[in-house]
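K.L.:
For reference, this is entry-v7.cif, and it has mmCIF, C-alpha atoms and all ligand atoms.
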data_structure
#
loop_
_atom_site.label_atom_id
_atom_site.label_comp_id
_atom_site.auth_asym_id
_atom_site.auth_seq_id
_atom_site.Cartn_x
_atom_site.Cartn_y
_atom_site.Cartn_z
CA MET A 1 16.21 10.59 1.81
CA ASN A 2 17.76 10.73 5.20
CA TRP A 3 20.65 8.35 5.06
CA ASN A 4 21.74 8.75 8.65
CA HIS A 5 20.08 5.51 9.51
CA MET A 6 19.73 4.16 6.02
CA VAL A 7 16.10 5.06 6.32
CA GLN A 8 14.03 3.70 3.54
CA ARG A 9 10.62 4.93 2.76
CA MET A 10 9.16 2.51 0.32
CA ALA A 11 5.94 2.68 -1.57
CA GLY A 12 4.35 -0.65 -2.27
CA ALA A 13 3.71 -0.26 -5.96
CA ALA A 14 2.27 -3.64 -6.69
CA ALA A 15 -0.04 -3.84 -3.74
CA LEU A 16 -0.90 -1.94 -0.65
CA ALA A 17 1.10 -2.86 2.38
CA MET A 18 -0.63 -4.08 5.47
CA ALA A 19 1.77 -3.17 8.15
CA ALA A 20 2.30 -3.85 11.77
CA SER A 21 3.89 -0.76 13.23
CA ILE A 22 6.49 -0.56 15.87
CA PRO A 23 5.94 2.73 17.66
CA VAL A 24 9.44 3.94 18.28
CA ALA A 25 8.45 5.96 21.34
CA ALA A 26 7.26 2.84 23.06
CA GLN A 27 10.44 1.02 22.19
CA VAL A 28 13.04 3.50 23.28
CA SER A 29 15.83 2.07 25.42
CA PRO A 30 14.31 -1.32 26.00
CA ALA A 31 15.69 -2.82 29.16
CA ALA A 32 17.97 -5.75 28.56
CA PRO A 33 17.01 -8.87 30.48
CA PRO A 34 19.42 -9.61 33.36
CA GLY A 35 22.62 -11.16 32.12
CA MET A 36 21.82 -10.25 28.49
CA PRO A 37 23.69 -7.06 27.63
CA MET A 38 22.39 -5.14 24.61
CA ASN A 39 25.05 -5.84 22.05
CA PRO A 40 25.86 -2.96 19.77
CA LEU A 41 25.45 -3.73 16.08
CA PRO A 42 28.42 -5.70 14.76
CA ILE A 43 28.82 -3.17 11.96
CA GLY A 44 29.10 -0.21 14.38
CA ASP A 45 28.94 3.30 12.92
CA THR A 46 26.99 3.28 9.66
CA SER A 47 27.69 6.82 8.47
CA ALA A 48 30.53 5.85 6.11
CA ILE A 49 28.67 2.99 4.47
CA ALA A 50 25.59 5.22 4.19
CA LYS A 51 27.64 7.64 2.08
CA GLU A 52 28.75 4.81 -0.17
CA ALA A 53 25.18 3.57 -0.44
CA GLN A 54 24.10 7.03 -1.50
CA SER A 55 26.53 6.97 -4.42
CA TRP A 56 25.46 3.44 -5.38
CA LEU A 57 21.86 4.62 -5.35
CA ALA A 58 22.72 7.56 -7.61
CA ASP A 59 24.52 5.23 -10.03
CA LEU A 60 21.61 2.76 -10.01
CA ILE A 61 19.13 5.56 -10.80
CA LYS A 62 21.33 6.57 -13.76
CA ILE A 63 21.05 3.03 -15.14
CA ASN A 64 17.69 3.23 -16.89
CA THR A 65 15.79 0.07 -16.00
CA THR A 66 12.35 1.25 -17.11
CA ASN A 67 10.13 -1.80 -17.44
CA PRO A 68 9.37 -2.60 -20.21
CA PRO A 69 11.94 -3.41 -21.48
CA GLY A 70 13.74 -3.46 -18.10
CA ASN A 71 17.36 -4.04 -19.14
CA GLU A 72 18.07 -5.07 -15.56
CA GLN A 73 21.19 -6.92 -16.69
CA LEU A 74 23.05 -3.60 -16.70
CA ALA A 75 22.11 -2.94 -13.07
CA ALA A 76 22.99 -6.54 -12.15
CA MET A 77 26.45 -6.12 -13.73
CA TYR A 78 26.97 -2.86 -11.86
CA ILE A 79 26.12 -4.54 -8.54
CA ALA A 80 28.35 -7.51 -9.39
CA GLY A 81 31.23 -5.07 -9.83
CA ILE A 82 30.66 -3.54 -6.40
CA LEU A 83 30.47 -6.94 -4.75
CA GLU A 84 33.60 -8.12 -6.52
CA LYS A 85 35.60 -5.23 -5.04
CA GLU A 86 34.50 -6.50 -1.62
CA GLY A 87 35.65 -10.01 -2.43
CA ILE A 88 32.09 -11.29 -2.68
CA LYS A 89 31.34 -13.70 -5.47
CA SER A 90 27.96 -13.14 -7.08
CA GLU A 91 25.99 -14.96 -9.69
CA ILE A 92 24.05 -13.31 -12.50
CA LEU A 93 21.02 -15.37 -13.44
CA ASP A 94 19.92 -14.55 -16.99
CA LEU A 95 16.18 -14.80 -17.52
CA THR A 96 15.40 -13.32 -20.93
CA PRO A 97 17.68 -11.33 -23.28
CA GLY A 98 18.97 -8.30 -21.38
CA ARG A 99 17.14 -9.24 -18.20
CA SER A 100 18.83 -10.87 -15.22
CA ALA A 101 18.71 -11.25 -11.48
CA LEU A 102 21.76 -11.17 -9.22
CA LEU A 103 22.45 -13.39 -6.27
CA ALA A 104 25.16 -13.42 -3.60
CA ARG A 105 25.53 -15.21 -0.27
CA LEU A 106 27.40 -14.79 2.99
CA LYS A 107 27.80 -18.27 4.38
CA SER A 108 27.51 -19.22 8.02
CA THR A 109 28.57 -22.83 7.68
CA ALA A 110 29.75 -25.14 4.94
CA MET A 111 26.33 -26.76 4.81
CA ALA A 112 23.55 -24.23 4.21
CA ASP A 113 20.40 -24.47 6.30
CA PRO A 114 17.75 -22.81 4.12
CA SER A 115 15.20 -22.78 6.96
CA LYS A 116 17.42 -20.34 8.89
CA ALA A 117 18.69 -18.27 5.97
CA LEU A 118 17.78 -14.59 5.71
CA LEU A 119 17.02 -13.23 2.25
CA LEU A 120 17.41 -9.52 1.47
CA VAL A 121 15.50 -8.87 -1.74
CA ALA A 122 14.82 -5.76 -3.83
CA HIS A 123 13.90 -5.22 -7.45
CA MET A 124 16.00 -3.38 -10.02
CA ASP A 125 13.32 -2.38 -12.55
CA VAL A 126 11.31 0.84 -12.39
CA VAL A 127 8.03 2.02 -13.90
CA GLY A 128 7.97 4.42 -16.85
CA VAL A 129 8.09 8.20 -16.53
CA GLU A 130 5.85 10.96 -17.83
CA LYS A 131 8.82 13.19 -18.60
CA PRO A 132 6.95 16.51 -18.99
CA LYS A 133 5.70 16.19 -15.40
CA TRP A 134 9.21 15.91 -13.97
CA THR A 135 10.98 19.02 -12.79
CA VAL A 136 14.35 17.22 -12.97
CA ASP A 137 15.82 14.58 -15.26
CA PRO A 138 14.41 11.33 -13.80
CA PHE A 139 17.59 9.44 -14.65
CA ALA A 140 20.19 11.97 -13.50
CA ALA A 141 19.97 11.34 -9.72
CA VAL A 142 19.76 15.06 -8.97
CA GLN A 143 20.49 16.08 -5.36
CA LYS A 144 18.52 19.07 -4.12
CA ASP A 145 17.62 20.34 -0.66
CA GLY A 146 18.83 17.19 1.03
CA TYR A 147 16.82 14.90 -1.24
CA LEU A 148 17.87 12.63 -4.05
CA TYR A 149 15.48 12.77 -7.01
CA GLY A 150 15.10 10.08 -9.62
CA ARG A 151 12.89 7.32 -10.94
CA GLY A 152 13.21 4.41 -8.56
CA ALA A 153 14.73 6.41 -5.67
CA ILE A 154 11.89 5.12 -3.51
CA ASP A 155 10.63 2.15 -5.49
CA ASP A 156 12.85 0.21 -5.19
CA LYS A 157 16.44 1.29 -5.80
CA GLY A 158 16.63 2.94 -2.39
CA MET A 159 16.02 -0.42 -0.81
CA LEU A 160 18.34 -2.11 -3.29
CA ALA A 161 21.19 0.21 -2.25
CA ALA A 162 20.31 -0.19 1.44
CA ASN A 163 20.29 -4.00 1.14
CA LEU A 164 23.62 -3.86 -0.65
CA ALA A 165 25.04 -1.64 2.08
CA ALA A 166 23.81 -3.94 4.85
CA PHE A 167 25.20 -6.96 3.04
CA ILE A 168 28.60 -5.37 2.41
CA ALA A 169 28.82 -3.94 5.93
CA LEU A 170 28.21 -7.43 7.25
CA LYS A 171 30.95 -8.85 5.05
CA ARG A 172 33.43 -6.17 6.13
CA ALA A 173 32.64 -6.69 9.81
CA ASN A 174 33.22 -10.39 9.31
CA PRO A 175 31.09 -11.50 12.28
CA ARG A 176 30.40 -15.15 13.06
CA LEU A 177 27.07 -15.55 11.31
CA ASN A 178 24.56 -17.99 12.74
CA ARG A 179 22.63 -18.12 9.48
CA ASP A 180 23.31 -17.50 5.80
CA VAL A 181 22.48 -14.03 4.52
CA ILE A 182 21.47 -13.89 0.88
CA PHE A 183 21.38 -10.79 -1.30
CA LEU A 184 18.98 -10.96 -4.23
CA ALA A 185 18.31 -8.26 -6.82
CA THR A 186 15.33 -9.17 -8.98
CA ALA A 187 14.01 -8.09 -12.38
CA ASP A 188 10.53 -7.48 -13.79
CA GLU A 189 8.75 -6.78 -10.51
CA GLU A 190 6.59 -4.06 -12.02
CA GLN A 191 5.15 -6.23 -14.79
CA PHE A 192 5.50 -9.65 -13.20
CA GLY A 193 6.27 -11.23 -16.57
CA ASP A 194 8.86 -13.60 -18.03
CA ALA A 195 11.80 -12.18 -16.07
CA SER A 196 10.05 -11.87 -12.71
CA VAL A 197 10.66 -13.57 -9.38
CA LYS A 198 7.93 -16.05 -10.31
CA ILE A 199 10.21 -17.45 -13.04
CA LEU A 200 13.27 -17.13 -10.81
CA ILE A 201 11.58 -19.26 -8.15
CA ALA A 202 10.52 -21.85 -10.72
CA LYS A 203 14.05 -22.15 -12.12
CA HIS A 204 16.40 -21.38 -9.25
CA TRP A 205 14.61 -21.64 -5.89
CA ASP A 206 17.31 -23.91 -4.46
CA LYS A 207 19.84 -21.10 -4.91
CA PHE A 208 18.06 -18.66 -2.60
CA ALA A 209 15.70 -20.73 -0.47
CA ALA A 210 15.32 -18.93 2.86
CA GLY A 211 13.28 -19.14 6.03
CA PHE A 212 12.99 -15.36 6.33
CA ALA A 213 12.85 -12.62 3.73
CA LEU A 214 12.88 -8.84 3.85
CA ASN A 215 11.29 -7.21 0.83
CA GLU A 216 9.80 -3.81 -0.02
CA GLY A 217 6.52 -2.54 1.36
CA GLY A 218 7.17 -1.36 4.89
CA GLU A 219 8.15 2.17 5.72
CA VAL A 220 10.05 4.25 8.19
CA LEU A 221 8.11 7.45 8.66
CA LEU A 222 9.97 10.67 9.29
CA LYS A 223 8.13 13.73 10.59
CA ASN A 224 10.08 16.94 11.16
CA GLY A 225 13.27 14.94 10.90
CA LYS A 226 12.23 12.47 13.57
CA VAL A 227 11.41 8.84 13.04
CA GLN A 228 7.79 8.34 14.06
CA TYR A 229 7.52 4.65 13.51
CA VAL A 230 9.00 1.67 11.75
CA ALA A 231 6.28 -0.17 9.86
CA VAL A 232 6.85 -3.76 8.85
CA GLN A 233 4.61 -5.06 6.11
CA ALA A 234 3.42 -8.54 7.01
CA SER A 235 0.53 -9.00 4.63
CA GLU A 236 -0.55 -7.75 1.25
CA LYS A 237 -3.76 -6.86 -0.50
CA VAL A 238 -4.61 -8.70 -3.70
CA PRO A 239 -4.90 -6.62 -6.88
CA VAL A 240 -7.65 -7.49 -9.36
CA ASN A 241 -8.59 -5.55 -12.49
CA VAL A 242 -12.24 -5.56 -13.51
CA THR A 243 -13.59 -4.06 -16.74
CA VAL A 244 -16.99 -2.41 -16.60
CA VAL A 245 -18.59 -2.80 -20.03
CA ALA A 246 -21.60 -0.71 -21.04
CA ARG A 247 -23.52 -1.65 -24.19
CA GLY A 248 -26.03 0.53 -26.02
CA THR A 249 -27.32 1.35 -29.47
CA SER A 250 -24.75 3.01 -31.68
CA GLY A 251 -25.85 5.75 -34.02
CA HIS A 252 -25.48 9.31 -35.21
CA ALA A 253 -24.85 11.88 -32.50
CA SER A 254 -27.52 14.18 -33.97
CA MET A 255 -30.22 11.80 -32.69
CA PRO A 256 -29.28 10.77 -29.12
CA THR A 257 -30.98 7.82 -27.46
CA LYS A 258 -31.46 7.03 -23.80
CA ASP A 259 -29.37 3.84 -23.94
CA ASN A 260 -26.13 5.66 -24.87
CA ALA A 261 -23.32 3.42 -23.59
CA VAL A 262 -21.19 6.41 -22.55
CA VAL A 263 -23.97 7.75 -20.33
CA HIS A 264 -24.60 4.36 -18.72
CA LEU A 265 -20.92 3.79 -18.14
CA ALA A 266 -20.48 7.25 -16.62
CA ALA A 267 -23.41 6.66 -14.24
CA ALA A 268 -22.04 3.27 -13.20
CA VAL A 269 -18.54 4.65 -12.58
CA ALA A 270 -19.98 7.53 -10.54
CA LYS A 271 -21.90 5.11 -8.31
CA ILE A 272 -18.85 2.86 -7.88
CA GLY A 273 -16.66 5.86 -7.15
CA ASN A 274 -18.91 6.86 -4.26
CA TYR A 275 -19.12 3.35 -2.85
CA SER A 276 -17.20 2.23 0.24
CA ALA A 277 -16.85 -1.50 0.81
CA PRO A 278 -17.58 -2.65 4.36
CA VAL A 279 -14.79 -2.57 6.94
CA HIS A 280 -13.09 -5.92 7.60
CA PHE A 281 -10.47 -6.14 10.32
CA THR A 282 -7.53 -8.44 9.85
CA THR A 283 -5.35 -9.32 12.84
CA ILE A 284 -2.44 -7.35 11.40
CA VAL A 285 -4.49 -4.23 10.75
CA ARG A 286 -5.97 -4.37 14.23
CA ARG A 287 -2.46 -4.58 15.66
CA TYR A 288 -1.24 -1.76 13.42
CA PHE A 289 -3.86 0.66 14.74
CA GLU A 290 -3.45 -0.49 18.34
CA GLN A 291 0.27 0.27 18.18
CA LEU A 292 -0.06 3.44 16.14
CA ALA A 293 -2.58 4.78 18.67
CA ALA A 294 0.32 5.01 21.15
CA ILE A 295 2.16 7.65 19.09
CA GLU A 296 -0.67 9.53 17.38
CA ASP A 297 -2.11 12.64 19.01
CA ASP A 298 -4.77 12.07 21.69
CA GLU A 299 -7.72 12.67 19.39
CA MET A 300 -6.59 10.33 16.60
CA GLY A 301 -5.32 7.78 19.12
CA LYS A 302 -8.74 7.73 20.71
CA TRP A 303 -10.43 6.95 17.39
CA MET A 304 -7.87 4.28 16.57
CA ARG A 305 -8.64 2.56 19.86
CA SER A 306 -12.39 2.78 19.18
CA LEU A 307 -12.34 1.22 15.69
CA ASP A 308 -14.33 -1.83 16.69
CA ALA A 309 -16.11 -0.47 19.74
CA PRO A 310 -19.79 -1.45 19.53
CA ASP A 311 -21.14 2.05 20.19
CA ARG A 312 -18.79 4.36 18.27
CA GLY A 313 -16.85 1.95 16.06
CA GLU A 314 -18.62 3.03 12.91
CA HIS A 315 -17.93 6.70 13.55
CA ALA A 316 -14.30 5.90 14.36
CA GLN A 317 -13.94 3.99 11.09
CA ARG A 318 -15.24 7.02 9.22
CA VAL A 319 -12.86 9.41 10.98
CA ILE A 320 -9.86 7.14 10.34
CA SER A 321 -10.83 6.49 6.70
CA ASP A 322 -11.30 10.21 6.02
CA ALA A 323 -8.00 11.08 7.68
CA SER A 324 -5.86 9.00 5.30
CA PRO A 325 -6.36 7.15 2.00
CA LEU A 326 -3.81 4.60 3.25
CA TRP A 327 -5.75 3.88 6.43
CA ASN A 328 -8.98 3.75 4.46
CA SER A 329 -7.47 1.13 2.16
CA MET A 330 -6.17 -0.94 5.08
CA LEU A 331 -9.70 -1.27 6.43
CA ARG A 332 -11.57 -2.43 3.34
CA ASP A 333 -11.48 -3.67 -0.23
CA SER A 334 -10.75 -0.62 -2.37
CA ILE A 335 -11.89 0.23 -5.87
CA ALA A 336 -10.23 2.84 -8.08
CA PRO A 337 -11.53 3.55 -11.61
CA THR A 338 -8.34 4.07 -13.65
CA MET A 339 -9.07 3.92 -17.39
CA LEU A 340 -11.92 4.88 -19.70
CA THR A 341 -12.36 3.90 -23.33
CA ALA A 342 -15.22 4.80 -25.64
CA GLY A 343 -15.89 6.22 -29.07
CA VAL A 344 -13.99 6.57 -32.32
CA ARG A 345 -15.46 9.78 -33.78
CA ALA A 346 -16.79 12.99 -32.34
CA ASN A 347 -20.20 12.63 -34.05
CA VAL A 348 -20.83 8.92 -33.51
CA ILE A 349 -22.49 7.39 -30.45
CA PRO A 350 -20.44 4.27 -29.68
CA GLY A 351 -22.16 0.95 -29.10
CA GLU A 352 -19.79 0.14 -26.26
CA ALA A 353 -17.91 1.97 -23.51
CA ARG A 354 -15.42 0.51 -21.02
CA ALA A 355 -13.86 1.45 -17.72
CA ASN A 356 -11.14 -0.31 -15.77
CA LEU A 357 -11.48 -0.73 -12.04
CA ASN A 358 -8.30 -1.44 -10.15
CA ILE A 359 -9.46 -3.33 -7.09
CA ARG A 360 -7.40 -4.24 -4.03
CA LEU A 361 -8.93 -7.00 -1.95
CA LEU A 362 -8.12 -7.57 1.68
CA PRO A 363 -6.50 -10.96 2.21
CA GLY A 364 -9.30 -13.48 2.58
CA ASP A 365 -11.89 -11.44 0.65
CA THR A 366 -13.06 -12.64 -2.77
CA ILE A 367 -13.81 -10.70 -5.93
CA ASP A 368 -17.14 -12.52 -6.44
CA VAL A 369 -18.59 -11.15 -3.20
CA LEU A 370 -17.51 -7.60 -4.03
CA LEU A 371 -18.80 -7.82 -7.63
CA ALA A 372 -22.18 -9.06 -6.42
CA GLU A 373 -22.37 -5.88 -4.32
CA LEU A 374 -21.35 -3.68 -7.26
CA LYS A 375 -23.94 -5.29 -9.55
CA LYS A 376 -26.65 -4.53 -7.01
CA LEU A 377 -25.36 -0.99 -6.62
CA VAL A 378 -25.16 -0.25 -10.36
CA ASN A 379 -28.43 -2.03 -11.07
CA ASP A 380 -28.29 -1.57 -14.83
CA PRO A 381 -28.92 -4.38 -17.37
CA GLN A 382 -26.72 -2.54 -19.90
CA ILE A 383 -23.68 -2.97 -17.62
CA ARG A 384 -21.53 -6.09 -17.39
CA PHE A 385 -18.41 -6.77 -15.29
CA GLU A 386 -15.45 -8.73 -16.67
CA ILE A 387 -12.74 -9.97 -14.31
CA GLN A 388 -9.34 -9.67 -15.98
CA PRO A 389 -6.94 -12.62 -15.84
CA ASP A 390 -4.04 -10.60 -14.38
CA ALA A 391 -5.12 -10.82 -10.73
CA GLY A 392 -2.40 -10.96 -8.07
CA LEU A 393 -1.77 -14.00 -5.96
CA ALA A 394 -3.33 -14.21 -2.54
CA ALA A 395 -0.71 -15.03 0.07
CA PRO A 396 -1.07 -15.80 3.77
CA PRO A 397 0.20 -13.11 6.14
CA SER A 398 3.67 -13.48 7.64
CA SER A 399 3.77 -14.38 11.31
CA LEU A 400 4.64 -11.65 13.78
CA GLU A 401 5.24 -14.24 16.50
CA ASN A 402 8.81 -15.19 15.75
CA ASP A 403 12.38 -14.26 16.68
CA PHE A 404 12.84 -12.37 13.43
CA TYR A 405 10.04 -9.90 14.09
CA ALA A 406 11.07 -9.65 17.75
CA THR A 407 14.60 -8.75 16.62
CA ILE A 408 13.34 -6.09 14.22
CA THR A 409 11.29 -4.59 17.05
CA LYS A 410 14.28 -4.57 19.39
CA VAL A 411 16.73 -3.13 16.88
CA ALA A 412 14.29 -0.49 15.58
CA GLY A 413 13.82 0.80 19.12
CA ARG A 414 17.55 0.96 19.70
CA GLU A 415 18.55 2.37 16.29
CA PHE A 416 16.02 5.16 16.21
CA SER A 417 15.92 6.12 19.86
CA ASP A 418 18.03 9.24 19.31
CA ALA A 419 15.48 10.47 16.78
CA TRP A 420 13.39 11.27 19.84
CA GLY A 421 16.15 13.26 21.46
CA ARG A 422 16.95 10.67 24.08
ZN ZN B 1 8.46 -1.86 -5.92
#
In structure tokens, what does this structure look like?
Ligand SMILES: [Zn+2]

P.N.:
Amino acid sequence: MNWNHMVQRMAGAAALAMAASIPVAAQVSPAAPPGMPMNPLPIGDTSAIAKEAQSWLADLIKINTTNPPGNEQLAAMYIAGILEKEGIKSEILDLTPGRSALLARLKSTAMADPSKALLLVAHMDVVGVEKPKWTVDPFAAVQKDGYLYGRGAIDDKGMLAANLAAFIALKRANPRLNRDVIFLATADEEQFGDASVKILIAKHWDKFAAGFALNEGGEVLLKNGKVQYVAVQASEKVPVNVTVVARGTSGHASMPTKDNAVVHLAAAVAKIGNYSAPVHFTTIVRRYFEQLAAIEDDEMGKWMRSLDAPDRGEHAQRVISDASPLWNSMLRDSIAPTMLTAGVRANVIPGEARANLNIRLLPGDTIDVLLAELKKLVNDPQIRFEIQPDAGLAAPPSSLENDFYATITKVAGREFSDAWGR
């Protein structure tokens, strides 16, 4: 990670980000309106706090918060200790044994105005590791070649440390705040269970109610050490798991039959794997490509501008989709087969075979419409689709027409302008 600007590159683990990008090149040195000087950041030079944040990140990585079981309480206590040294009172909200969230607030006035408050939120838990595939200890926070390696470095402890740094820098600078700033470290983001933000909201919403929130999902993209763009996620795809179930006659493997469930499942998965759902443009995605076109090379920029042109839109969509799995997924509902289960013995044909499809719907799309398409495509009476009950929640996109987004745009242009050598 490049900590010069507390750059965070975050991978949306739960759902694919739909981002509006702010092309930095187009934002360099924005002219201040007459009579409105560009104020420097109240916290000034961030290099010292960035160093501190780096050591907090290393410590947080060393606290193993693999979910399950999470054990986020340990990370919450560590953060509470840091805040206490800064004279900031925090509150640890226990959710289930060993699992807690942490909350702290910088007040603007005696009476809080939740509609104006800004919430900085990041999760403390991480997903499990396949240890043999790691070249370093995932919980040792190894530094190598200018990078910090460890489980959660990107998702989401990097952001957690960056939020903490921003919050503490603000406290140290002691500016006159015109809104409350709330720091929230959450638990159980990766499993969304009994210790997750869902429960936190149900029990404690009044403690962190806010008009604006910054959470994970966006990214700051570095290329050859230069910031290319600052992407702000404003909408999210909706994850749905669907099980494909194939049924057939079970029997001895020495006498194969044509209705073998494994064969039917394999054929169905192959068809689904080759399928591309139709392109649907959302306002945010359209804006993302419009803005990204300004900083991409001429060829790619041209295709991005042609995405919904009547004559060559379809070709442009293909070029863009082939160029990047991320772009492909921003344009359509996506389907990824992720798990296969069948058989109990090497010489027995199983009566049933199953595959899991991890589907990400564009906001506004429904699973029923997509499944109707897949049924037609598979066209096999031995195949059935079961929608799993763990689907994500559909949420409306965040508005990009407000002072908050305008401020992010302005500050991103100013903060990263030197990345372009200006
Ligand atoms: Zn995450």

K.L.:
Between CA of Ser276 in chain A and CA of Val232 in chain A, what is the distance, to one decimal in Å?

P.N.:
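Result for CA of Ser276 in chain A versus CA of Val232 in chain A: 26.2 Å, one decimal.
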
K.L.:
Of the candidates A:Ala101, A:Val242, A:Leu265, A:Ala58, which shows the shortest atom-to-atom distance to Glu189 in chain A, using all atoms listed in the file?

P.N.:
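Under the stated criterion, the closest residue is A:Ala101.
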
K.L.:
Determine the nearest neighbour of ligand ZN 1 (chain B) from the options A:Gly158, A:Gly248, A:Pro114, A:Pro138, counting all atoms listed in the file.

P.N.:
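Under the stated criterion, the closest residue is A:Gly158.
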
K.L.:
Which one of A:Val136, A:Ala75, A:Leu148, A:Ile154 sits closest to ligand ZN 1 (chain B) if you count all atoms listed in the file?

P.N.:
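The closest residue to ligand ZN 1 (chain B) is A:Ile154.
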
K.L.:
Using all atoms listed in the file for the distances, tell me which of A:Tyr78, A:Ser108, A:Ser115, A:Asn215 is nearest to ligand ZN 1 (chain B).

P.N.:
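Of the candidates, the smallest distance to ligand ZN 1 (chain B) is held by A:Asn215.
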
K.L.:
Can you measure CA of Gly44 in chain A to CA of Lys62 in chain A for me? One decimal in Å is fine.

P.N.:
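Here the two named atoms are 30.0 Å from each other.
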
K.L.:
Within 9 Å of (14.0, -4.3, -7.6) (file coordinates; only C-alpha atoms), which protein or nucleic acid residues are there? I'd like them as a list in words.

P.N.:
Glu72, Val121, Ala122, His123, Met124, Asp125, Val126, Gly152, Asp155, Asp156, Lys157, Met159, Leu160, Leu184, Ala185, Thr186, Ala187, Asp188, Glu189, Glu190 and Glu216 of chain A

K.L.:
Residues around (3.6, 6.1, -16.9), cut-off 12 Å, counting only C-alpha atoms - what are they as a VMD selection string?

P.N.:
chain A and resid 66 to 68 126 to 134 151 190

K.L.:
Once 6 Å is added on each side, what are the centre and the three edge lengths, in Å to one decimal, of the axis-aligned box enclosing the listed atoms of range 62-80 of chain A? Present them as JSON.

P.N.:
{"center_x": 18.9, "center_y": -0.5, "center_z": -15.0, "size_x": 31.0, "size_y": 26.1, "size_z": 24.9}

K.L.:
CA of Ile79 in chain A and CA of Glu91 in chain A are how many Å apart?

P.N.:
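So the two atoms, CA of Ile79 in chain A and CA of Glu91 in chain A, lie 10.5 Å apart.
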
K.L.:
Within 9 Å of range 302-315 of chain A, counting only C-alpha atoms, which residues qualify if same-chain residues fewer than 6 places away don't, as a count of residues only?

P.N.:
7
